[in-house]
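J.: My file is final18.txt. It has compact mmCIF, C-alpha atoms and all ligand atoms:
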# COMPACT_ATOMS: atom_id res chain seq x y z
CA MET A 67 12.62 41.23 32.78
CA THR A 68 12.63 40.39 29.10
CA ALA A 69 15.09 37.56 29.68
CA ARG A 70 12.46 34.89 30.35
CA PRO A 71 10.75 34.80 26.95
CA ARG A 72 14.19 34.83 25.35
CA HIS A 73 15.25 31.88 27.48
CA ALA A 74 12.10 30.04 26.54
CA ALA A 75 12.78 30.70 22.85
CA ILE A 76 16.34 29.43 23.17
CA LEU A 77 15.17 26.35 25.03
CA PHE A 78 12.54 25.71 22.38
CA ALA A 79 15.10 26.10 19.59
CA LEU A 80 17.40 23.64 21.34
CA LEU A 81 14.72 21.05 22.03
CA LEU A 82 13.13 21.08 18.60
CA PRO A 83 15.86 19.11 16.76
CA VAL A 84 16.10 16.73 19.71
CA SER A 85 12.39 15.97 19.52
CA PHE A 86 12.60 15.46 15.75
CA ALA A 87 15.47 13.04 16.20
CA TRP A 88 13.53 11.18 18.85
CA ALA A 89 10.42 10.94 16.66
CA GLN A 90 12.49 9.54 13.79
CA ARG A 91 14.13 7.00 16.03
CA ALA A 92 10.70 5.90 17.20
CA ALA A 93 9.48 5.33 13.60
CA PRO A 94 9.83 1.74 12.33
CA THR A 95 12.38 2.73 9.70
CA GLU A 96 12.91 -0.83 8.47
CA GLU A 97 9.24 -1.20 7.55
CA VAL A 98 9.25 2.24 5.90
CA ARG A 99 12.21 1.22 3.73
CA GLY A 100 10.54 -2.13 3.05
CA HIS A 101 7.38 -0.30 1.95
CA GLU A 102 9.35 1.75 -0.60
CA ILE A 103 11.03 -1.36 -2.01
CA TYR A 104 7.73 -3.22 -2.12
CA GLN A 105 5.98 -0.47 -4.05
CA LEU A 106 8.85 -0.21 -6.49
CA TYR A 107 9.50 -3.90 -7.19
CA CYS A 108 6.80 -6.16 -5.79
CA ALA A 109 3.38 -4.52 -5.93
CA HIS A 110 3.00 -5.04 -9.72
CA CYS A 111 2.50 -8.73 -9.04
CA HIS A 112 1.73 -9.08 -5.33
CA GLY A 113 -0.62 -6.05 -5.22
CA LEU A 114 -0.47 -2.87 -3.12
CA GLY A 115 -2.45 -4.65 -0.39
CA GLY A 116 -0.39 -7.87 -0.58
CA LYS A 117 -3.33 -9.87 -1.91
CA GLY A 118 -1.55 -11.19 -5.02
CA ASP A 119 -3.72 -9.08 -7.30
CA GLY A 120 -1.29 -6.60 -8.85
CA PRO A 121 -1.79 -5.52 -12.47
CA LEU A 122 0.76 -8.08 -13.74
CA ALA A 123 -0.76 -10.96 -11.79
CA TYR A 124 -3.58 -11.74 -14.17
CA GLY A 125 -1.50 -13.17 -16.99
CA LEU A 126 0.49 -15.51 -14.76
CA ALA A 127 0.01 -19.28 -14.78
CA VAL A 128 0.98 -19.53 -11.08
CA PRO A 129 -0.55 -16.68 -9.03
CA PRO A 130 1.70 -14.50 -6.86
CA ARG A 131 1.59 -15.41 -3.20
CA ASP A 132 -1.19 -13.70 -1.19
CA PHE A 133 0.70 -12.32 1.83
CA ARG A 134 -2.53 -12.01 3.81
CA ASP A 135 -2.86 -15.82 3.86
CA ARG A 136 -2.00 -16.03 7.52
CA PRO A 137 -1.83 -19.85 7.97
CA HIS A 138 0.60 -20.08 5.04
CA MET A 139 2.71 -17.09 6.06
CA GLU A 140 2.95 -18.29 9.67
CA ARG A 141 4.58 -21.50 8.46
CA ARG A 142 7.39 -19.50 6.86
CA SER A 143 10.25 -18.12 8.94
CA ASP A 144 11.72 -14.71 8.07
CA GLY A 145 14.81 -16.55 6.83
CA GLU A 146 12.75 -18.71 4.45
CA LEU A 147 10.93 -15.69 3.04
CA ALA A 148 14.25 -13.90 2.56
CA GLU A 149 15.66 -16.95 0.75
CA HIS A 150 12.61 -17.14 -1.54
CA ILE A 151 12.98 -13.47 -2.40
CA ARG A 152 16.72 -13.79 -2.95
CA GLN A 153 16.47 -16.79 -5.28
CA GLY A 154 12.95 -16.39 -6.70
CA CYS A 155 11.66 -19.32 -8.70
CA GLU A 156 15.22 -20.54 -9.29
CA ARG A 157 15.08 -21.91 -5.77
CA SER A 158 12.47 -24.50 -6.68
CA HIS A 159 13.19 -24.64 -10.44
CA SER A 160 9.47 -24.07 -10.65
CA ASN A 161 9.52 -21.71 -13.61
CA THR A 162 7.00 -19.35 -12.03
CA MET A 163 7.40 -15.64 -12.67
CA MET A 164 8.76 -14.88 -9.20
CA PRO A 165 12.02 -13.10 -10.09
CA ASN A 166 15.38 -13.71 -8.47
CA TRP A 167 16.15 -10.51 -6.54
CA ALA A 168 19.71 -11.24 -5.41
CA SER A 169 21.24 -9.04 -8.10
CA VAL A 170 18.90 -6.11 -7.39
CA LEU A 171 18.42 -6.04 -3.61
CA THR A 172 20.98 -6.21 -0.81
CA ASP A 173 20.44 -8.55 2.16
CA GLU A 174 19.46 -5.47 4.16
CA ASP A 175 16.84 -4.49 1.55
CA ILE A 176 15.47 -8.02 1.62
CA ALA A 177 15.23 -8.00 5.44
CA SER A 178 13.31 -4.69 5.20
CA VAL A 179 10.88 -6.01 2.62
CA VAL A 180 10.31 -9.17 4.72
CA ALA A 181 9.49 -6.91 7.71
CA TYR A 182 7.07 -5.03 5.48
CA ILE A 183 5.25 -8.04 3.99
CA ARG A 184 4.72 -9.35 7.55
CA CYS A 185 2.41 -6.31 8.04
CA PHE A 186 -0.16 -7.81 5.63
CA GLN A 187 -0.79 -10.88 7.76
CA ARG A 188 -1.48 -8.68 10.84
CA ARG A 189 -4.44 -6.97 9.14
C1 LIG B 1 6.53 -10.84 -12.01
C2 LIG B 1 5.71 -11.03 -10.83
C3 LIG B 1 6.35 -10.97 -9.46
C4 LIG B 1 7.09 -9.96 -8.91
C5 LIG B 1 7.47 -8.61 -9.55
C6 LIG B 1 7.40 -10.36 -7.55
N1 LIG B 1 6.88 -11.59 -7.29
FE1 LIG B 1 7.00 -12.65 -5.57
N2 LIG B 1 6.01 -14.21 -6.38
C7 LIG B 1 5.48 -14.21 -7.66
C8 LIG B 1 4.83 -15.50 -7.90
C9 LIG B 1 4.14 -15.91 -9.20
C10 LIG B 1 4.98 -16.25 -6.71
C11 LIG B 1 4.45 -17.66 -6.40
C12 LIG B 1 5.24 -18.74 -7.03
C13 LIG B 1 6.60 -18.93 -6.46
O1 LIG B 1 6.75 -18.99 -5.22
O2 LIG B 1 7.55 -19.04 -7.27
C14 LIG B 1 5.75 -15.41 -5.79
C15 LIG B 1 6.16 -15.81 -4.53
C16 LIG B 1 6.77 -14.98 -3.62
C17 LIG B 1 7.16 -15.38 -2.29
C18 LIG B 1 7.07 -16.77 -1.72
C19 LIG B 1 6.13 -16.85 -0.56
C20 LIG B 1 6.27 -18.19 0.08
O3 LIG B 1 5.31 -18.92 0.08
O4 LIG B 1 7.37 -18.49 0.57
C21 LIG B 1 7.70 -14.27 -1.67
C22 LIG B 1 8.21 -14.15 -0.25
C23 LIG B 1 7.68 -13.20 -2.65
N3 LIG B 1 7.12 -13.66 -3.82
C24 LIG B 1 8.13 -11.93 -2.40
C25 LIG B 1 8.31 -10.98 -3.40
C26 LIG B 1 8.95 -9.70 -3.18
C27 LIG B 1 9.48 -9.20 -1.84
C28 LIG B 1 8.98 -9.06 -4.39
C29 LIG B 1 9.61 -7.72 -4.68
C30 LIG B 1 10.99 -7.54 -4.32
C31 LIG B 1 8.32 -9.92 -5.34
N4 LIG B 1 7.94 -11.07 -4.71
C32 LIG B 1 8.12 -9.59 -6.66
C33 LIG B 1 5.53 -13.20 -8.59
C34 LIG B 1 6.22 -12.00 -8.44
I need this file expressed as structure tokens, please.
Ligand code: HEC
T.:
Amino acid sequence: MTARPRHAAILFALLLPVSFAWAQRAAPTEEVRGHEIYQLYCAHCHGLGGKGDGPLAYGLAVPPRDFRDRPHMERRSDGELAEHIRQGCERSHSNTMMPNWASVLTDEDIASVVAYIRCFQRR
């Protein structure tokens, strides 16, 4: 009659990786990736909280966009935001300090970071 605990242990060992896989699938991986990219490349100017108050923002003639500005952000489609990130200030020939990210980030990276910056307007 020692078989039962052994069966339970085997069942537990089998289900553990399945539950881990399920939990990972449930996580919003795109936003997680976008968060990493944002912290690495964007937060210096746009700020950790998306407010446009990063440490590099203070010397800039044109302030970085505040991503919590909901009325403004709601007017932009995901595609427009992606295009602005891809081309930076070259898009508008505006000579602001918004860099052109096309040579650094893939389209997939840019889609992830767009998904992430959308989180700021939900707060
Ligand atoms: C050197 C500072 C700097 C860095 C780094 C930077 N930005 Fe910007 N960003 C700006 C400035 C300044 C503006 C506002 C002027 C403009 O649009 O050119 C801006 C504007 C934007 C806009 C335009 C919003 C709109 O109204 O359409 C988006 C989107 C954006 N940044 C995303 C990013 C992302 C994503 C990163 C990181 C991959 C990033 N920025 C890194 C300075 C920066």
J.: Give me, please, the distance in Å between atom CA of A:Ala181 and atom CA of A:Tyr124, quoted to one decimal.
T.: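 If I compute the distance from atom CA of A:Ala181 to atom CA of A:Tyr124, I get 25.9 Å.
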J.: Give as a ChimeraX atom specification the residues surrounding ligand LIG 1 (chain B) up to a distance of 9 Å, considering only C-alpha atoms and all ligand atoms.
T.: /A:100,103-112,118,120,122-123,126-133,138-139,141-143,146-152,154-167,170-171,175-176,179-180,182-183
J.: At what distance in Å, to one decimal, does atom CA of A:Arg99 lie from atom CA of A:Gly145?
T.: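 Computing the Euclidean distance for atom CA of A:Gly145 and atom CA of A:Arg99 yields 18.2 Å.
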J.: What is the distance between atom CA of A:Arg184 and atom CA of A:Gly113, in Å to one decimal?
T.: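 Distance between the two atoms: 14.2 Å.
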